[in-house]
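What follows is the content of data.cif, which has mmCIF, C-alpha atoms:
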data_input
#
loop_
_atom_site.label_atom_id
_atom_site.label_comp_id
_atom_site.auth_asym_id
_atom_site.auth_seq_id
_atom_site.Cartn_x
_atom_site.Cartn_y
_atom_site.Cartn_z
CA MET A 790 0.00 0.00 0.00
CA THR A 791 1.35 3.46 -0.90
CA THR A 792 1.48 6.28 1.64
CA ALA A 793 -1.02 8.33 -0.43
CA ALA A 794 -3.50 5.50 -0.22
CA ILE A 795 -3.58 5.56 3.60
CA PRO A 796 -5.32 8.96 3.99
CA THR A 797 -7.71 8.08 1.14
CA ASN A 798 -8.61 4.79 2.81
CA GLU A 799 -9.04 6.55 6.14
CA PHE A 800 -11.29 9.16 4.53
CA VAL A 801 -13.45 6.46 2.94
CA ARG A 802 -13.66 4.60 6.25
CA PHE A 803 -14.67 7.74 8.12
CA ALA A 804 -17.22 8.73 5.45
CA LYS A 805 -18.87 5.28 5.73
CA PHE A 806 -18.75 5.44 9.52
CA PHE A 807 -20.25 8.94 9.56
CA LEU A 808 -23.09 7.97 7.21
CA GLN A 809 -23.78 5.00 9.45
CA GLU A 810 -23.88 7.27 12.49
CA LEU A 811 -26.28 9.68 10.80
CA LYS A 812 -29.00 7.05 10.84
CA PRO A 813 -31.56 7.81 13.55
CA ARG A 814 -31.64 5.75 16.71
CA GLY A 815 -34.52 5.16 19.07
CA LYS A 816 -38.17 6.03 18.75
CA TRP A 817 -39.29 8.73 16.32
CA LEU A 818 -42.69 9.47 17.82
CA THR A 819 -41.66 11.24 21.03
CA PRO A 820 -43.37 14.36 22.50
CA PHE A 821 -40.22 16.41 21.85
CA ASN A 822 -40.07 15.36 18.18
CA VAL A 823 -43.79 15.98 17.68
CA ILE A 824 -43.40 19.56 18.96
CA SER A 825 -39.98 20.42 17.55
CA ILE A 826 -40.27 19.13 13.95
CA PRO A 827 -43.19 21.42 12.91
CA VAL A 828 -41.54 24.42 14.64
CA ILE A 829 -38.24 23.77 12.81
CA PHE A 830 -40.11 23.37 9.52
CA VAL A 831 -42.05 26.65 9.97
CA GLY A 832 -38.84 28.39 11.13
CA LEU A 833 -37.04 27.36 7.95
CA ILE A 834 -39.87 28.82 5.84
CA ILE A 835 -39.66 32.09 7.81
CA LEU A 836 -35.89 32.17 7.27
CA TYR A 837 -36.44 31.76 3.54
CA PHE A 838 -38.58 34.94 3.56
CA ARG A 839 -36.10 36.71 5.85
CA PHE A 840 -33.20 36.13 3.43
CA THR A 841 -35.15 36.76 0.22
CA GLN A 842 -37.30 39.74 1.32
CA GLY A 843 -35.29 41.26 4.16
CA LEU A 844 -35.60 41.69 7.92
CA GLY A 845 -38.67 43.92 7.68
CA SER A 846 -40.76 41.11 6.18
CA VAL A 847 -40.61 38.93 9.30
CA THR A 848 -39.49 41.13 12.22
CA ASN A 849 -40.80 44.21 14.01
CA LEU A 850 -37.34 45.81 14.07
CA SER A 851 -37.05 49.51 13.31
CA GLN A 852 -34.46 52.28 13.38
CA GLN A 853 -35.46 52.92 17.00
CA TYR A 854 -35.20 49.25 17.93
CA PRO A 855 -32.21 47.79 16.08
CA PHE A 856 -31.79 45.05 18.73
CA GLY A 857 -34.77 42.74 18.62
CA PHE A 858 -35.72 39.44 20.20
CA TRP A 859 -33.16 37.49 18.15
CA ILE A 860 -30.23 39.44 19.56
CA GLY A 861 -31.87 40.00 22.96
CA PHE A 862 -32.60 36.34 23.51
CA ASP A 863 -30.20 34.34 21.36
CA VAL A 864 -27.02 36.37 21.59
CA MET A 865 -27.32 38.25 24.91
CA THR A 866 -29.12 35.59 26.96
CA GLY A 867 -27.74 32.49 25.22
CA VAL A 868 -24.14 33.56 25.71
CA ALA A 869 -24.76 34.45 29.39
CA LEU A 870 -26.34 31.07 30.08
CA ALA A 871 -23.46 29.34 28.29
CA GLY A 872 -21.19 30.77 31.00
CA GLY A 873 -21.32 27.42 32.80
CA ALA A 874 -18.62 26.09 30.45
CA TYR A 875 -15.90 28.51 31.54
CA VAL A 876 -16.95 28.33 35.21
CA ILE A 877 -16.76 24.52 35.30
CA CYS A 878 -13.45 24.56 33.33
CA PHE A 879 -12.06 26.99 35.92
CA VAL A 880 -13.30 24.83 38.79
CA VAL A 881 -11.86 21.60 37.35
CA TYR A 882 -8.59 22.73 35.74
CA VAL A 883 -7.60 25.71 37.90
CA LEU A 884 -9.13 24.95 41.31
CA ARG A 885 -8.54 21.20 40.74
CA LEU A 886 -11.91 20.18 42.16
CA GLU A 887 -12.05 16.75 40.55
CA LYS A 888 -15.59 16.15 41.80
CA TYR A 889 -16.90 18.14 38.85
CA HIS A 890 -14.85 16.29 36.22
CA SER A 891 -17.77 14.01 35.36
CA ILE A 892 -19.87 16.95 34.10
CA LEU A 893 -17.00 18.69 32.30
CA LYS A 894 -17.49 17.23 28.82
CA VAL A 895 -21.24 17.73 28.75
CA THR A 896 -20.89 21.32 30.01
CA ILE A 897 -18.28 22.09 27.35
CA LEU A 898 -20.54 20.55 24.70
CA ASN A 899 -23.45 22.68 25.91
CA GLY A 900 -21.26 25.77 25.79
CA LEU A 901 -19.93 24.94 22.33
CA LEU A 902 -23.41 24.38 20.89
CA ALA A 903 -24.74 27.51 22.60
CA TYR A 904 -21.97 29.60 21.02
CA ILE A 905 -22.39 28.02 17.58
CA PHE A 906 -26.18 28.38 17.55
CA TYR A 907 -26.81 31.53 19.57
CA SER A 908 -23.96 33.65 18.35
CA GLY A 909 -24.53 32.03 14.95
CA ALA A 910 -28.09 33.36 15.15
CA LEU A 911 -26.52 36.79 14.88
CA LEU A 912 -26.34 36.10 11.14
CA LEU A 913 -30.13 36.15 11.00
CA ASP A 914 -30.34 39.55 12.62
CA LEU A 915 -27.76 41.39 10.55
CA GLY A 916 -29.18 43.28 7.59
CA ARG A 917 -26.14 42.31 5.53
CA PRO A 918 -24.91 39.10 7.19
CA TRP A 919 -22.01 38.63 4.76
CA HIS A 920 -20.36 41.66 6.42
CA ILE A 921 -19.92 39.69 9.65
CA ILE A 922 -16.49 38.61 8.44
CA ASN A 923 -15.22 42.21 8.18
CA PRO A 924 -13.77 42.56 11.71
CA ILE A 925 -11.91 39.28 11.15
CA ILE A 926 -10.43 39.80 7.70
CA GLY A 927 -9.59 43.45 8.18
CA ASN A 928 -12.06 44.97 5.77
CA SER A 929 -12.58 47.84 8.23
CA PHE A 930 -11.58 46.23 11.52
CA GLY A 931 -13.46 48.79 13.64
CA TYR A 932 -10.94 48.96 16.49
CA ASN A 933 -12.97 51.65 18.26
CA SER A 934 -16.03 49.49 18.62
CA VAL A 935 -16.67 47.07 21.48
CA LEU A 936 -18.16 44.82 18.79
CA PHE A 937 -14.63 44.34 17.40
CA LEU A 938 -13.60 42.79 20.73
CA VAL A 939 -16.80 40.77 21.02
CA ALA A 940 -16.52 39.46 17.42
CA TRP A 941 -12.94 38.27 17.90
CA HIS A 942 -13.67 36.79 21.32
CA PHE A 943 -16.72 34.91 20.05
CA LEU A 944 -14.68 33.45 17.22
CA LEU A 945 -11.67 32.53 19.35
CA TYR A 946 -13.72 31.20 22.25
CA THR A 947 -15.87 29.02 19.98
CA GLY A 948 -12.59 27.67 18.55
CA ALA A 949 -11.25 27.09 22.07
CA LEU A 950 -14.43 25.24 23.10
CA PHE A 951 -14.19 23.12 19.94
CA LEU A 952 -10.56 22.26 20.78
CA GLU A 953 -11.57 21.37 24.36
CA PHE A 954 -14.26 19.05 23.03
CA SER A 955 -12.22 17.70 20.09
CA PRO A 956 -10.61 14.74 21.99
CA THR A 957 -14.13 13.31 22.39
CA ILE A 958 -14.73 13.68 18.64
CA ALA A 959 -11.37 12.03 17.87
CA GLU A 960 -12.21 9.17 20.24
CA TRP A 961 -15.60 8.69 18.53
CA ALA A 962 -13.94 8.65 15.09
CA HIS A 963 -11.27 6.15 16.32
CA TRP A 964 -8.40 8.57 15.66
CA GLU A 965 -6.28 7.55 18.62
CA ARG A 966 -3.07 9.45 17.78
CA LEU A 967 -5.00 12.62 17.06
CA ARG A 968 -6.94 12.21 20.32
CA LYS A 969 -3.69 12.03 22.29
CA PHE A 970 -2.35 15.13 20.55
CA LEU A 971 -5.60 17.08 21.14
CA THR A 972 -5.72 16.01 24.80
CA SER A 973 -2.23 17.42 25.27
CA LEU A 974 -3.54 20.83 24.15
CA THR A 975 -6.41 20.86 26.64
CA LEU A 976 -4.86 22.80 29.55
CA GLY A 977 -3.54 25.63 27.37
CA THR A 978 -6.85 25.84 25.52
CA VAL A 979 -8.77 25.95 28.79
CA ILE A 980 -6.69 28.86 30.12
CA VAL A 981 -7.12 30.82 26.88
CA GLY A 982 -10.83 29.92 26.88
CA ILE A 983 -11.45 31.12 30.45
CA THR A 984 -9.67 34.42 29.76
CA LEU A 985 -11.57 35.04 26.53
CA SER A 986 -14.87 34.13 28.09
CA MET A 987 -14.48 36.43 31.08
CA LEU A 988 -13.60 39.28 28.75
CA HIS A 989 -16.40 38.90 26.27
CA GLN A 990 -19.11 38.25 28.88
CA SER A 991 -18.30 41.73 30.18
CA GLY A 992 -17.74 42.96 26.60
CA ILE A 993 -21.38 42.23 25.73
CA GLY A 994 -22.37 44.48 28.63
CA ALA A 995 -19.85 47.11 27.52
CA MET A 996 -21.71 47.43 24.20
CA PHE A 997 -24.51 49.16 26.12
CA LEU A 998 -22.20 51.82 27.55
CA MET A 999 -22.76 53.95 24.48
CA ALA A 1000 -26.55 53.68 24.84
CA LYS A 1001 -26.72 55.64 28.10
CA PRO A 1002 -29.48 58.06 27.01
CA LYS A 1003 -31.61 55.19 25.71
CA ILE A 1004 -31.55 52.77 28.66
CA HIS A 1005 -33.64 53.51 31.75
CA PRO A 1006 -31.35 54.81 34.55
CA LEU A 1007 -32.31 51.90 36.82
CA TRP A 1008 -30.75 49.46 34.37
CA TYR A 1009 -27.97 51.62 33.00
CA SER A 1010 -24.72 51.79 34.91
CA GLU A 1011 -21.09 52.32 34.02
CA TYR A 1012 -20.54 49.01 35.83
CA ILE A 1013 -22.77 47.10 33.42
CA PRO A 1014 -19.80 45.04 32.06
CA LEU A 1015 -19.09 43.83 35.62
CA LEU A 1016 -22.77 43.03 36.19
CA TYR A 1017 -22.90 41.03 32.96
CA PHE A 1018 -19.80 39.08 33.93
CA VAL A 1019 -21.00 38.22 37.46
CA SER A 1020 -24.51 37.34 36.27
CA SER A 1021 -22.99 34.97 33.68
CA ILE A 1022 -21.37 33.02 36.54
CA PHE A 1023 -24.58 32.23 38.43
CA GLY A 1024 -26.63 32.10 35.21
CA GLY A 1025 -24.21 29.51 33.82
CA LEU A 1026 -24.23 27.50 37.06
CA ALA A 1027 -28.04 27.55 37.22
CA MET A 1028 -28.16 26.39 33.59
CA VAL A 1029 -25.76 23.52 34.39
CA ILE A 1030 -28.07 22.45 37.27
CA PHE A 1031 -31.13 22.74 35.02
CA GLU A 1032 -29.61 20.90 32.04
CA GLY A 1033 -27.96 18.31 34.29
CA THR A 1034 -31.30 17.52 35.92
CA ILE A 1035 -32.98 17.01 32.54
CA SER A 1036 -30.03 15.05 31.10
CA SER A 1037 -29.84 12.73 34.12
CA LYS A 1038 -33.46 11.77 33.48
CA VAL A 1039 -33.55 11.70 29.65
CA PHE A 1040 -30.12 10.10 29.12
CA SER A 1041 -30.03 8.04 32.34
CA ASN A 1042 -29.01 4.92 30.35
CA LEU A 1043 -25.86 6.71 29.12
CA ILE A 1044 -24.67 7.81 32.57
CA GLY A 1045 -22.59 5.54 34.78
CA ALA A 1046 -23.72 4.48 38.28
CA LYS A 1047 -20.90 6.36 40.03
CA THR A 1048 -21.77 9.62 38.26
CA HIS A 1049 -25.46 9.10 39.08
CA HIS A 1050 -24.49 8.68 42.72
CA SER A 1051 -22.31 11.81 42.79
CA HIS A 1052 -24.93 13.87 40.93
CA GLU A 1053 -26.51 15.18 44.15
CA ASP A 1054 -23.14 16.19 45.55
CA ILE A 1055 -22.35 18.08 42.34
CA ILE A 1056 -25.71 19.89 42.42
CA LEU A 1057 -25.06 20.97 46.02
CA GLY A 1058 -21.63 22.36 45.06
CA LEU A 1059 -23.00 24.22 42.04
CA ALA A 1060 -25.87 25.65 44.08
CA LYS A 1061 -23.44 26.86 46.73
CA GLY A 1062 -21.40 28.67 44.06
CA ALA A 1063 -24.55 30.17 42.54
CA ALA A 1064 -25.77 31.43 45.94
CA ILE A 1065 -22.47 33.20 46.66
CA ALA A 1066 -22.27 34.73 43.15
CA MET A 1067 -25.89 35.95 43.42
CA PHE A 1068 -25.20 37.44 46.83
CA VAL A 1069 -22.23 39.38 45.42
CA TYR A 1070 -24.30 40.45 42.39
CA TYR A 1071 -27.15 41.66 44.61
CA PHE A 1072 -24.78 43.85 46.62
CA PHE A 1073 -23.21 45.22 43.43
CA LEU A 1074 -26.71 46.25 42.36
CA ALA A 1075 -27.36 47.82 45.77
CA PHE A 1076 -24.06 49.76 45.65
CA ILE A 1077 -24.77 51.00 42.14
CA PHE A 1078 -28.28 52.01 43.19
CA MET A 1079 -27.03 54.01 46.18
CA HIS A 1080 -24.01 55.47 44.42
CA GLY A 1081 -26.22 56.62 41.56
CA GLU A 1082 -28.74 58.08 44.04
CA LYS A 1083 -31.68 56.50 42.25
CA TRP A 1084 -34.09 56.73 45.18
CA ASN A 1085 -36.55 58.95 43.34
CA LEU A 1086 -36.92 56.36 40.55
CA ILE A 1087 -38.00 53.46 42.73
CA ASN A 1088 -41.55 54.63 43.47
CA THR A 1089 -42.57 54.47 39.79
CA SER A 1090 -43.88 51.68 37.59
CA TRP A 1091 -40.34 51.17 36.22
CA GLY A 1092 -39.06 51.01 39.80
CA TYR A 1093 -41.53 48.27 40.70
CA TRP A 1094 -40.52 46.33 37.58
CA TYR A 1095 -36.87 46.75 38.60
CA LEU A 1096 -37.67 45.39 42.07
CA VAL A 1097 -39.43 42.39 40.52
CA GLU A 1098 -36.19 41.55 38.70
CA VAL A 1099 -33.79 42.27 41.56
CA ILE A 1100 -35.75 40.85 44.49
CA GLY A 1101 -37.89 38.26 42.71
CA PHE A 1102 -35.23 36.80 40.43
CA VAL A 1103 -31.96 37.51 42.25
CA LEU A 1104 -32.45 37.79 46.02
CA ILE A 1105 -35.17 35.14 46.44
CA PRO A 1106 -33.40 32.47 44.30
CA CYS A 1107 -30.19 33.30 46.21
CA PHE A 1108 -31.96 32.50 49.52
CA MET A 1109 -33.55 29.42 47.95
CA PHE A 1110 -30.15 28.11 46.82
CA ALA A 1111 -28.73 28.71 50.32
CA TYR A 1112 -31.72 27.04 51.99
CA GLY A 1113 -31.58 24.11 49.55
CA VAL A 1114 -27.85 23.56 50.14
CA ARG A 1115 -28.13 23.78 53.93
CA ASN A 1116 -31.10 21.39 54.14
CA ARG A 1117 -30.25 19.21 51.10
CA ARG A 1118 -33.57 20.11 49.46
CA PHE A 1119 -32.94 19.33 45.80
CA GLY A 1120 -36.43 20.35 44.70
CA VAL A 1121 -35.82 23.85 46.09
CA ILE A 1122 -32.40 24.03 44.36
CA LYS A 1123 -33.86 22.99 41.00
CA PHE A 1124 -36.70 25.50 41.32
CA ALA A 1125 -34.17 28.20 42.26
CA ALA A 1126 -32.12 27.26 39.17
CA ILE A 1127 -35.18 27.75 36.93
CA MET A 1128 -35.91 31.12 38.58
CA THR A 1129 -32.29 32.17 38.14
CA VAL A 1130 -32.30 31.28 34.45
CA LEU A 1131 -35.55 33.23 34.04
CA GLY A 1132 -33.97 36.12 35.96
CA VAL A 1133 -30.97 36.28 33.61
CA ILE A 1134 -33.34 36.14 30.61
CA LEU A 1135 -35.43 38.95 32.17
CA ASN A 1136 -32.35 41.08 32.91
CA ARG A 1137 -31.04 40.81 29.34
CA GLN A 1138 -34.50 41.53 27.90
CA ASN A 1139 -34.85 44.54 30.20
CA VAL A 1140 -31.50 46.05 29.16
CA CYS A 1141 -31.86 45.16 25.49
CA LEU A 1142 -35.57 45.60 24.82
CA ILE A 1143 -37.95 46.50 27.64
CA ALA A 1144 -36.08 49.35 29.36
CA TYR A 1145 -34.38 50.28 26.08
CA ASN A 1146 -36.04 53.38 24.58
CA TRP A 1147 -38.28 53.29 27.64
CA TYR A 1148 -39.65 56.78 26.90
CA VAL A 1149 -40.86 55.83 23.42
CA VAL A 1150 -44.63 55.43 23.05
CA ASP A 1151 -44.48 53.09 20.05
CA LYS A 1152 -42.84 50.12 21.77
CA TYR A 1153 -41.24 47.10 20.12
CA TYR A 1154 -42.88 43.72 20.49
CA PRO A 1155 -41.39 40.63 18.82
CA SER A 1156 -43.40 39.23 15.93
CA TRP A 1157 -44.60 35.60 15.97
CA GLN A 1158 -41.99 34.91 13.29
CA GLU A 1159 -39.18 36.11 15.56
CA ILE A 1160 -40.42 33.90 18.41
CA THR A 1161 -40.80 30.88 16.09
CA VAL A 1162 -37.27 31.27 14.68
CA THR A 1163 -35.87 31.59 18.22
CA LEU A 1164 -37.67 28.38 19.22
CA MET A 1165 -36.32 26.77 16.05
CA VAL A 1166 -32.74 27.67 17.03
CA VAL A 1167 -33.26 26.19 20.51
CA PHE A 1168 -34.84 23.01 19.13
CA VAL A 1169 -32.13 22.47 16.50
CA GLU A 1170 -29.50 22.87 19.21
CA ILE A 1171 -31.24 20.21 21.33
CA TRP A 1172 -31.40 17.90 18.28
CA VAL A 1173 -27.66 18.26 17.67
CA PHE A 1174 -26.94 17.83 21.40
CA ARG A 1175 -29.01 14.62 21.45
CA TRP A 1176 -27.27 13.31 18.31
CA ILE A 1177 -23.84 13.90 19.82
CA VAL A 1178 -24.48 12.50 23.32
CA THR A 1179 -26.04 9.31 21.94
CA ARG A 1180 -22.96 8.66 19.79
CA MET A 1181 -19.92 10.08 21.57
CA SER A 1182 -18.73 9.37 25.12
CA VAL A 1183 -19.92 12.69 26.55
CA PHE A 1184 -21.35 11.41 29.80
CA SER A 1185 -19.06 9.66 32.22
CA LYS A 1186 -19.51 5.88 31.99
CA GLU A 1187 -18.10 5.28 35.47
CA MET B 1294 -19.81 78.91 50.60
CA GLU B 1295 -21.73 75.75 49.83
CA TYR B 1296 -23.48 74.24 52.82
CA TYR B 1297 -22.50 70.67 53.65
CA SER B 1298 -24.14 68.65 56.40
CA TYR B 1299 -21.99 66.07 58.13
CA VAL B 1300 -25.02 64.45 59.71
CA ASN B 1301 -26.94 63.84 56.47
CA ILE B 1302 -26.47 60.16 55.69
CA PHE B 1303 -27.19 60.72 51.97
CA GLU B 1304 -24.68 63.56 51.51
CA THR B 1305 -21.90 61.82 53.41
CA LYS B 1306 -22.45 58.57 51.49
CA GLY B 1307 -22.96 57.02 54.93
CA LEU B 1308 -25.43 54.54 53.48
CA ALA B 1309 -22.75 53.21 51.10
CA TYR B 1310 -20.44 52.60 54.06
CA LEU B 1311 -23.21 50.87 56.01
CA LEU B 1312 -24.01 48.76 52.96
CA LEU B 1313 -20.37 47.76 52.62
CA LEU B 1314 -20.23 46.75 56.27
CA SER B 1315 -23.46 44.76 55.97
CA PHE B 1316 -22.08 43.07 52.83
CA LEU B 1317 -18.99 41.90 54.73
CA VAL B 1318 -20.96 40.73 57.77
CA LEU B 1319 -23.73 39.04 55.77
CA GLY B 1320 -21.14 37.49 53.43
CA VAL B 1321 -19.43 35.77 56.35
CA LEU B 1322 -22.82 34.67 57.71
CA LEU B 1323 -23.81 33.27 54.30
CA ILE B 1324 -20.61 31.25 53.96
CA ARG B 1325 -21.06 29.93 57.51
CA TYR B 1326 -24.69 29.09 56.77
CA LEU B 1327 -23.78 27.28 53.53
CA SER B 1328 -21.07 25.17 55.15
CA GLY B 1329 -22.55 24.93 58.66
CA PRO B 1330 -23.48 21.30 59.35
CA GLU B 1331 -20.62 19.84 57.30
CA ARG B 1332 -18.05 21.91 59.18
CA LYS B 1333 -19.34 20.69 62.56
CA ASP B 1334 -19.13 17.08 61.41
CA SER B 1335 -15.62 17.46 60.02
CA ALA B 1336 -14.44 19.36 63.14
CA ARG B 1337 -15.83 16.57 65.32
CA GLY B 1338 -14.12 14.00 63.10
CA LYS B 1339 -10.76 15.80 63.40
CA LYS B 1340 -11.14 16.09 67.18
CA THR B 1341 -11.91 12.39 67.44
CA SER B 1342 -8.95 11.41 65.28
CA ALA B 1343 -6.64 13.79 67.18
CA THR B 1344 -7.52 12.11 70.46
CA GLY B 1345 -6.89 8.75 68.88
CA GLY B 1346 -10.55 7.75 68.80
#
Give the structure from the file, written as structure tokens.
Amino acid sequence: MTTAAIPTNEFVRFAKFFLQELKPRGKWLTPFNVISIPVIFVGLIILYFRFTQGLGSVTNLSQQYPFGFWIGFDVMTGVALAGGAYVICFVVYVLRLEKYHSILKVTILNGLLAYIFYSGALLLDLGRPWHIINPIIGNSFGYNSVLFLVAWHFLLYTGALFLEFSPTIAEWAHWERLRKFLTSLTLGTVIVGITLSMLHQSGIGAMFLMAKPKIHPLWYSEYIPLLYFVSSIFGGLAMVIFEGTISSKVFSNLIGAKTHHSHEDIILGLAKGAAIAMFVYYFFLAFIFMHGEKWNLINTSWGYWYLVEVIGFVLIPCFMFAYGVRNRRFGVIKFAAIMTVLGVILNRQNVCLIAYNWYVVDKYYPSWQEITVTLMVVFVEIWVFRWIVTRMSVFSKE
Amino acid sequence: MEYYSYVNIFETKGLAYLLLLSFLVLGVLLIRYLSGPERKDSARGKKTSATGG
């Protein structure tokens, strides 16, 4: 056999293997499939109109509201909730808390898919999506814009997450030498990944610094990058608890007995971290409120809405996490995780949409097409996640 | 000359100082609350092992 024939043979083998793996496994008629398939189908039709007839044909975006539900939910919220990946990487590789090693791969996969799909959804929202490459290739870098930093960080961090997950792909494809090489890169990639992630989580908040006159003073602060960073920590941890709870039920046959056993211990640790991060975040908000002397704004309808977010979706879940950890009440912890995720969604929607242009009478409301496409993005991500975890060794078999 | 009241808690930013103090105190209490029962058990375990029990 010639040396040129070896890669060709390997390519043919992998192509056959991949086609084999593409075949569906398990039952087709499940509640999730019944709901998700029509939504994905309708979403694709809407996207056809979006790309052939423009944004105005399917969205309620305007010059006053350039950031709609797609950016507000997919990019802003999705990236914040994907923060679990860098937090767990930090905990495992930097703090050396091996207890969390069993959830590392699945958290990285969740983060990778969130970045691919949610930041990828940015393409839908740009009037001229082919210009997205400009900050990368140098066709007007835009150094002065925070978006330049965010664009590069998104790209590099998605690459870092892919590298962190790549040993699992190599193992699945039976590329043993490549797997060893990729595993040797892990620590360096993780350090770069954590740094990038911390910077762009705050960078997304920094984008709103130039919108000071447009954002309601209760939500605007010069510390908004810090708030976005801290909220991504507990938002990410709450998402890991939420996803882990669902995965442990749906994919219970893929998870080893030892991991099942340690699942409760892991949830307690994550909830403890979330409680502390939320406590710090709450006090940041209180400091900003007092420093900005915003007392006169609190006894208004916007003030009450602000209190709903801060007390209802930050302080109360923080207490619930603490209570759940102390008394080992997992139901309370899981409920607190859901409230925390909703709180992060609410905060991003408030900054991006609800309290944005708060003085305008003609408010923006997302169209049904925008909501359907967002649901489509979420469902497609879950489909890809399910395909990967049922084929690659993502969950710990121990 | 501009009047400045040293007893007005808003003007002196006294509330910010009080908030900072309460953050530090409540932070310690939260950490103690979160690791309360486990710490007692582990302290008892260490005491027992130190006495050779």
- Task: May I have the residues within 8 Å of Gly857 (chain A) as a PyMOL selection string, using all atoms listed in the file and disregarding those fewer than 4 positions away in the same chain?
- Result: chain A and resi 849-850+861+1141-1142+1153+1155
- Distance filter 8 Å, only C-alpha atoms, chain B against chain A, as number ranges by chain: B: 1306, 1308-1309, 1312, 1316, 1320, 1323-1324, 1326-1330
- Query: By how many Å are CA of Val868 (chain A) and CA of Ile905 (chain A) apart?
  - Reply: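 A separation of 10.0 Å between them.
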- Message: the PyMOL selection byres ((chain A and resi 1123-1135) around 7) - which residues does that actually catch in the file I just gave you? List them as a list in words.
- Response: Thr866, Gly1024, Ala1027, Met1028, Ile1030, Phe1031, Glu1098, Phe1102, Val1103, Pro1106, Met1109, Phe1110, Phe1119, Gly1120, Val1121, Ile1122, Asn1136, Arg1137, Gln1138 and Asn1139 of chain A
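Neighbouring residues of Trp961 (chain A) at 9 Å or closer, counting all atoms listed in the file and skipping chain neighbours under 4 positions away, are A:Pro956, A:Thr957, A:Arg1180, A:Met1181, A:Ser1182.
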- Starting from the shown file, work through the PyMOL selection byres ((chain A and resi 1009) around 10) and note down what comes out as a PyMOL selection string. chain A and resi 997-998+1000-1008+1010-1013+1077+1140+1144-1145
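Put simply, CA of Phe1174 (chain A) is 24.2 Å away from CA of Gln1158 (chain A).
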- Query: Hey, what's within 8 Å of Ser908 (chain A) if we count only C-alpha atoms and toss same-chain stuff fewer than 2 positions away? As an NGL selection string, please?
  - Reply: :A and (863-864 or 867-868 or 903-906 or 910-912 or 943)
Kindly provide, as lines of an AutoDock Vina configuration file, the centre and edge lengths (Å, one decimal) of an axis-aligned box around all atoms of region 973-980 of chain A given in the file, with 6 Å on each side.
center_x = -5.5
center_y = 23.1
center_z = 27.1
size_x = 18.5
size_y = 23.4
size_z = 18.0
- Message: Please expand the PyMOL selection byres ((chain A and resi 1091) around 10) into the concrete residues it hits in this file, giving the result as a list in words.
- Response: His1005, Pro1006, Leu1007, Trp1008, Leu1086, Ile1087, Asn1088, Thr1089, Ser1090, Gly1092, Tyr1093, Trp1094, Tyr1095, Leu1096, Val1097, Ala1144 and Trp1147 of chain A
- Message: Please compute the CA of Trp859 (chain A)-CA of Gln990 (chain A) distance, one decimal, in Å.
- Response: 17.7 Å
- Closest to Pro1014 (chain A) among A:Asp1151, A:Ala869, A:Ser825, A:Asp1054, using all atoms listed in the file?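 The closest residue to Pro1014 (chain A) is A:Ala869.
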- Task: Could you give me, as an MDAnalysis selection string, the residues within 8 Å of region 881-893 of chain A, counting only C-alpha atoms and dropping anything in the same chain fewer than 2 positions from it?
- Result: chainID A and resid 874 877:879 895:897 976 979 1048 1055 1184:1185
